[in-house]
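Next up, target_21.txt (compact mmCIF, C-alpha atoms):
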# COMPACT_ATOMS: atom_id res chain seq x y z
CA MET A 1 -4.97 -32.01 32.93
CA LYS A 2 -1.71 -30.46 31.71
CA LYS A 3 -1.73 -32.81 28.74
CA CYS A 4 -5.28 -31.75 27.76
CA LEU A 5 -4.34 -28.10 28.11
CA ALA A 6 -1.25 -28.62 25.96
CA VAL A 7 -3.29 -30.38 23.24
CA LEU A 8 -5.91 -27.60 23.34
CA LEU A 9 -3.21 -24.92 23.08
CA LEU A 10 -1.58 -26.76 20.15
CA LEU A 11 -4.96 -27.03 18.42
CA ILE A 12 -5.57 -23.29 18.85
CA ILE A 13 -2.11 -22.48 17.48
CA VAL A 14 -2.64 -24.74 14.46
CA LEU A 15 -6.11 -23.36 13.71
CA ALA A 16 -5.06 -19.73 14.15
CA GLY A 17 -1.59 -20.16 12.66
CA CYS A 18 -2.52 -19.19 9.08
CA SER A 19 -4.38 -16.10 10.17
CA ALA A 20 -3.25 -12.71 11.42
CA GLN A 21 -4.20 -10.55 14.36
CA THR A 22 -4.98 -7.56 12.10
CA LEU A 23 -6.12 -7.15 8.51
CA GLN A 24 -2.96 -5.14 7.84
CA ASP A 25 -0.83 -8.08 9.02
CA ALA A 26 -2.81 -10.52 6.87
CA ILE A 27 -2.24 -8.43 3.73
CA SER A 28 1.41 -7.67 4.54
CA SER A 29 2.24 -11.35 5.09
CA SER A 30 0.59 -12.36 1.80
CA ALA A 31 2.14 -12.07 -1.67
CA TYR A 32 0.76 -8.51 -1.77
CA GLY A 33 3.36 -7.51 0.81
CA ASP A 34 6.37 -8.94 -1.06
CA TYR A 35 7.57 -5.59 -2.45
CA ASP A 36 6.06 -2.94 -0.18
CA LYS A 37 3.99 -2.49 2.95
CA PRO A 38 0.40 -2.30 1.63
CA GLU A 39 -1.71 0.67 2.68
CA ILE A 40 -5.38 -0.06 3.33
CA LEU A 41 -7.52 2.54 1.56
CA TYR A 42 -10.94 1.00 2.17
CA ARG A 43 -12.30 -1.87 4.20
CA ASN A 44 -15.75 -3.12 5.00
CA ASP A 45 -15.91 -5.76 7.73
CA ASP A 46 -19.61 -6.43 7.07
CA ILE A 47 -18.95 -7.78 3.57
CA GLY A 48 -15.25 -8.65 3.91
CA VAL A 49 -13.89 -6.40 1.16
CA VAL A 50 -10.58 -4.54 1.32
CA ILE A 51 -8.95 -2.19 -1.18
CA PHE A 52 -5.29 -1.35 -0.69
CA LEU A 53 -2.31 0.21 -2.40
CA THR A 54 0.98 -1.64 -2.72
CA LYS A 55 3.89 -1.96 -5.14
CA ASP A 56 4.73 -4.70 -7.60
CA GLU A 57 8.07 -6.24 -8.57
CA ASN A 58 8.77 -3.22 -10.83
CA ASN A 59 8.31 -0.81 -7.89
CA GLU A 60 5.12 0.56 -9.47
CA PHE A 61 1.95 1.26 -7.50
CA VAL A 62 -0.84 -1.29 -7.77
CA LEU A 63 -4.39 -0.81 -6.50
CA CYS A 64 -5.82 -4.13 -5.28
CA ARG A 65 -9.23 -5.37 -4.22
CA SER A 66 -9.40 -8.56 -2.19
CA THR A 67 -11.72 -10.31 0.22
CA TYR A 68 -11.19 -11.50 3.77
CA GLU A 69 -12.96 -12.99 6.72
CA LYS A 70 -12.55 -13.10 10.46
CA ASN A 71 -12.26 -16.61 11.82
CA ARG A 72 -13.78 -17.83 15.06
CA PHE A 73 -10.64 -16.70 16.92
CA ASN A 74 -11.29 -13.12 15.75
CA ARG A 75 -8.25 -13.26 13.47
CA TYR A 76 -8.06 -12.24 9.80
CA ASP A 77 -7.68 -14.49 6.78
CA LEU A 78 -7.38 -13.21 3.22
CA ARG A 79 -9.64 -15.39 1.12
CA GLU A 80 -7.73 -17.23 -1.57
CA THR A 81 -9.92 -16.79 -4.64
CA ASP A 82 -9.50 -15.94 -8.27
CA ASN A 83 -11.76 -12.95 -7.65
CA ASP A 84 -8.98 -10.58 -6.54
CA TYR A 85 -8.54 -7.53 -8.74
CA SER A 86 -5.36 -5.50 -9.32
CA ILE A 87 -4.60 -2.55 -11.57
CA SER A 88 -1.49 -0.39 -11.98
CA VAL A 89 -2.10 3.24 -10.99
CA ASP A 90 -0.13 6.46 -11.17
CA ILE A 91 -0.87 8.18 -7.87
CA GLY A 92 1.44 11.10 -8.63
CA ARG A 93 -0.82 12.79 -11.18
CA LYS A 94 -4.48 13.19 -12.06
CA SER A 95 -5.99 9.80 -12.66
CA GLU A 96 -9.32 8.09 -12.24
CA PHE A 97 -10.42 4.50 -12.35
CA ILE A 98 -13.86 2.89 -12.13
CA THR A 99 -14.98 -0.70 -12.61
CA VAL A 100 -17.95 -2.99 -12.15
CA ASP A 101 -16.87 -6.01 -10.13
CA THR A 102 -18.49 -9.25 -8.92
CA ILE A 103 -17.14 -11.19 -5.97
CA ASP A 104 -17.98 -14.89 -5.61
CA LYS A 105 -19.68 -14.84 -9.00
CA ASP A 106 -20.45 -18.57 -8.94
CA SER A 107 -21.78 -18.67 -5.38
CA ASP A 108 -25.38 -18.48 -4.19
CA ASN A 109 -24.74 -15.03 -2.77
CA PRO A 110 -22.49 -13.02 -5.13
CA LEU A 111 -21.54 -9.46 -4.22
CA HIS A 112 -21.75 -6.81 -6.96
CA LEU A 113 -19.69 -3.63 -6.66
CA VAL A 114 -18.93 -0.46 -8.55
CA TRP A 115 -15.67 0.89 -7.20
CA GLY A 116 -12.65 2.92 -8.15
CA SER A 117 -10.20 5.64 -7.27
CA ILE A 118 -9.86 9.35 -7.94
CA PHE A 119 -6.37 10.84 -7.57
CA HIS A 120 -5.44 14.55 -7.74
CA HIS A 121 -8.77 16.06 -8.78
CA PRO A 122 -8.99 19.09 -6.45
CA GLY A 123 -12.36 19.41 -4.75
CA ALA A 124 -13.55 15.94 -5.75
CA GLU A 125 -16.22 14.78 -3.28
CA GLN A 126 -18.49 12.35 -5.11
CA VAL A 127 -18.74 10.17 -8.19
CA VAL A 128 -21.98 10.08 -10.14
CA TYR A 129 -21.90 7.03 -12.38
CA LYS A 130 -24.18 5.41 -14.95
CA VAL A 131 -23.88 1.85 -16.22
CA HIS A 132 -25.27 1.22 -19.72
CA ASN A 133 -25.81 -1.96 -21.72
CA GLN A 134 -24.46 -2.34 -25.27
CA GLN A 135 -27.61 -0.73 -26.69
CA GLY A 136 -26.98 2.37 -24.58
CA ASP A 137 -29.86 1.79 -22.15
CA ARG A 138 -29.12 2.86 -18.59
CA LEU A 139 -29.02 -0.17 -16.30
CA TYR A 140 -28.00 1.46 -13.05
CA GLU A 141 -27.13 4.91 -11.74
CA ASN A 142 -25.97 6.20 -8.38
CA LYS A 143 -23.94 8.80 -6.53
CA VAL A 144 -21.24 7.71 -4.07
CA GLU A 145 -18.85 9.56 -1.75
CA ILE A 146 -15.10 9.50 -2.31
CA ASN A 147 -13.33 8.68 0.96
CA ASN A 148 -10.29 10.57 2.29
CA LYS A 149 -8.01 7.91 0.75
CA HIS A 150 -9.39 8.64 -2.77
CA ILE A 151 -11.53 5.47 -3.01
CA PHE A 152 -15.24 5.01 -3.62
CA VAL A 153 -17.26 1.80 -3.34
CA ASP A 154 -20.91 1.16 -4.07
CA ILE A 155 -22.71 -2.15 -3.59
CA VAL A 156 -25.21 -2.69 -6.38
CA PRO A 157 -28.29 -4.86 -5.88
CA GLU A 158 -27.67 -7.30 -8.74
CA GLN A 159 -25.18 -8.13 -11.44
CA VAL A 160 -25.25 -5.33 -13.95
CA THR A 161 -24.31 -7.32 -17.05
CA ASN A 162 -21.31 -8.90 -18.70
CA SER A 163 -21.34 -6.34 -21.52
CA TYR A 164 -21.55 -2.79 -20.29
CA THR A 165 -20.12 0.68 -20.59
CA ILE A 166 -19.81 3.10 -17.74
CA SER A 167 -19.86 6.88 -17.70
CA PHE A 168 -19.18 9.04 -14.69
CA ASP A 169 -18.83 12.57 -13.40
CA ILE A 170 -16.59 13.60 -10.54
CA VAL A 171 -18.34 16.38 -8.64
CA ASP A 172 -17.31 18.79 -5.90
CA GLN A 173 -19.18 19.69 -2.71
CA GLU A 174 -21.50 22.11 -4.57
CA GLY A 175 -22.33 19.57 -7.29
CA ASN A 176 -20.09 21.15 -9.94
CA ILE A 177 -18.49 18.71 -12.36
CA VAL A 178 -14.72 18.51 -11.81
CA PHE A 179 -14.14 15.79 -14.43
CA SER A 180 -16.41 13.90 -16.80
CA LYS A 181 -15.97 10.66 -18.72
CA PRO A 182 -18.83 10.22 -21.17
CA ASN A 183 -20.19 6.87 -22.25

Show the structure stored in the file as structure tokens.
Amino acid sequence: MKKCLAVLLLLIIVLAGCSAQTLQDAISSSAYGDYDKPEILYRNDDIGVVIFLTKDENNEFVLCRSTYEKNRFNRYDLRETDNDYSISVDIGRKSEFITVDTIDKDSDNPLHLVWGSIFHHPGAEQVVYKVHNQQGDRLYENKVEINNKHIFVDIVPEQVTNSYTISFDIVDQEGNIVFSKPN
């Protein structure tokens, strides 16, 4: 009996060994945590997407989007894919970033996102964005809340297109435009 219990315990340790108890631990113990303790700015356990801020080897801030899953032991694993996205950001001054992103592009169930960050725009509450094709036709439009960590994420129903432009307005609580980036 003790031998079976020992084998079962060893199996659990081996299967759970590459995972972490928390998402924060999983990110911190990955290459993303090599130069700084990453700060989670957005996470969605339903779709397994996390956006966090960390520093690179030059001590500059980097905004990263990655994917993760919870294993059957309720532990977190960052998914090792080539779909991760990173961009240098200057969080000390006004800046804005928006992108159209596809996760698991080659799978049967890809996830399409419009996401970004808004730093130091006083009163910023929402982002109203429009995605256009090369001919200027509007493909998709929506309004999304900016969270208290300066991040916004919107799941779009289908891949927008490989060739697109995006315009957006940052609006305050009353709907006034704080910043605009035309198409």

Identify, on the basis of only C-alpha atoms, every residue whose closest approach to A:Asp36 does not exceed 10 Å; exclude the query and any residue fewer than 4 positions from it along the same chain; express the result as an mmCIF file with C-alpha atoms, in the coordinates of the input.
data_model
loop_
_atom_site.group_PDB
_atom_site.id
_atom_site.type_symbol
_atom_site.label_atom_id
_atom_site.label_comp_id
_atom_site.auth_asym_id
_atom_site.auth_seq_id
_atom_site.Cartn_x
_atom_site.Cartn_y
_atom_site.Cartn_z
ATOM 1 C CA SER A 28 1.410 -7.670 4.540
ATOM 2 C CA TYR A 32 0.760 -8.510 -1.770
ATOM 3 C CA LEU A 53 -2.310 0.210 -2.400
ATOM 4 C CA THR A 54 0.980 -1.640 -2.720
ATOM 5 C CA LYS A 55 3.890 -1.960 -5.140
ATOM 6 C CA ASP A 56 4.730 -4.700 -7.600
ATOM 7 C CA GLU A 57 8.070 -6.240 -8.570
ATOM 8 C CA ASN A 59 8.310 -0.810 -7.890
ATOM 9 C CA GLU A 60 5.120 0.560 -9.470
ATOM 10 C CA PHE A 61 1.950 1.260 -7.500
#

What is the atom CA of A:Gly116-atom CA of A:Thr99 distance in Å, reported with one decimal?
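Taking atom CA of A:Gly116 as the start and atom CA of A:Thr99 as the end point, the length is 6.2 Å.
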
Minimum-distance residue to A:Phe97, chosen among A:Ser66, A:Ser167, A:Ser29, A:Ser19 (using all atoms listed in the file):
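Nearest candidate to A:Phe97 out of A:Ser66, A:Ser167, A:Ser29, A:Ser19: A:Ser167.
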
For A:Ile177, work out the shell of residues within 10 Å, counting only C-alpha atoms and skipping chain neighbours fewer than 2 positions away, then give it as an MDAnalysis selection string.
chainID A and resid 123:124 126:128 168:175 179:180

Selection near A:Ile103, 7 Å with all atoms listed in the file, sequence-local residues under 6 positions removed, as a list in words:
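Contacts, in chain order: Asn83, Pro110, Leu111 and His112 of chain A.
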
Could you please determine the separation between atom CA of A:Ile118 and atom CA of A:Arg43 in Å, to one decimal place?
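Going from atom CA of A:Ile118 over to atom CA of A:Arg43, I get 16.7 Å.
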
Near A:Tyr164, within 12 Å and counting only C-alpha atoms, which residues show up once chain neighbours fewer than 6 positions away are dropped, as a list in words?
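Neighbouring residues, sequence-local ones excluded: Thr99, Val100, Asp101, Lys130, Val131, His132, Asn133, Gln134, Gln135, Gly136, Asp137, Arg138, Leu139, Tyr140 and Asn183 of chain A.
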
Restrict the selected residues to C-alpha atoms and save them as a compact mmCIF listing (two decimals), in the coordinates of the input.
# COMPACT_ATOMS: atom_id res chain seq x y z
CA THR A 99 -14.98 -0.70 -12.61
CA VAL A 100 -17.95 -2.99 -12.15
CA ASP A 101 -16.87 -6.01 -10.13
CA LYS A 130 -24.18 5.41 -14.95
CA VAL A 131 -23.88 1.85 -16.22
CA HIS A 132 -25.27 1.22 -19.72
CA ASN A 133 -25.81 -1.96 -21.72
CA GLN A 134 -24.46 -2.34 -25.27
CA GLN A 135 -27.61 -0.73 -26.69
CA GLY A 136 -26.98 2.37 -24.58
CA ASP A 137 -29.86 1.79 -22.15
CA ARG A 138 -29.12 2.86 -18.59
CA LEU A 139 -29.02 -0.17 -16.30
CA TYR A 140 -28.00 1.46 -13.05
CA ASN A 183 -20.19 6.87 -22.25

Quick one: of A:Thr165, A:Gln159, A:Ile87, A:Val62, who's nearest to A:Asp106, counting only C-alpha atoms?
A:Gln159

Quick one: residues within 10 Å of A:Thr22, all atoms listed in the file counted, chain neighbours fewer than 4 positions away excluded, as JSON, numbers by chain?
{"A": [26, 27, 28, 70, 74, 75, 76, 77]}

In Å, with one decimal, what is the gap from atom CA of A:Phe73 to atom CA of A:Gln21?
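Atom CA of A:Gln21 lies at a distance of 9.3 Å from atom CA of A:Phe73.
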
For a quick check of understanding, using all atoms listed in the file, which of A:Phe119, A:Tyr35, A:Tyr42, A:Tyr129 has the smallest distance to A:Ser95?
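The shortest atom-to-atom distance to A:Ser95 comes from A:Phe119.
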
In terms of all atoms listed in the file, the residue from A:Asp25, A:Glu69, A:Asp104, A:Glu80 at minimal distance from A:Asp45 is A:Glu69

Using all atoms listed in the file, can you tell me which of A:Ile151, A:Ile166, A:Leu23, A:Val144 comes closest to A:Gly48?
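Comparing A:Ile151, A:Ile166, A:Leu23, A:Val144 against A:Gly48, the winner is A:Leu23.
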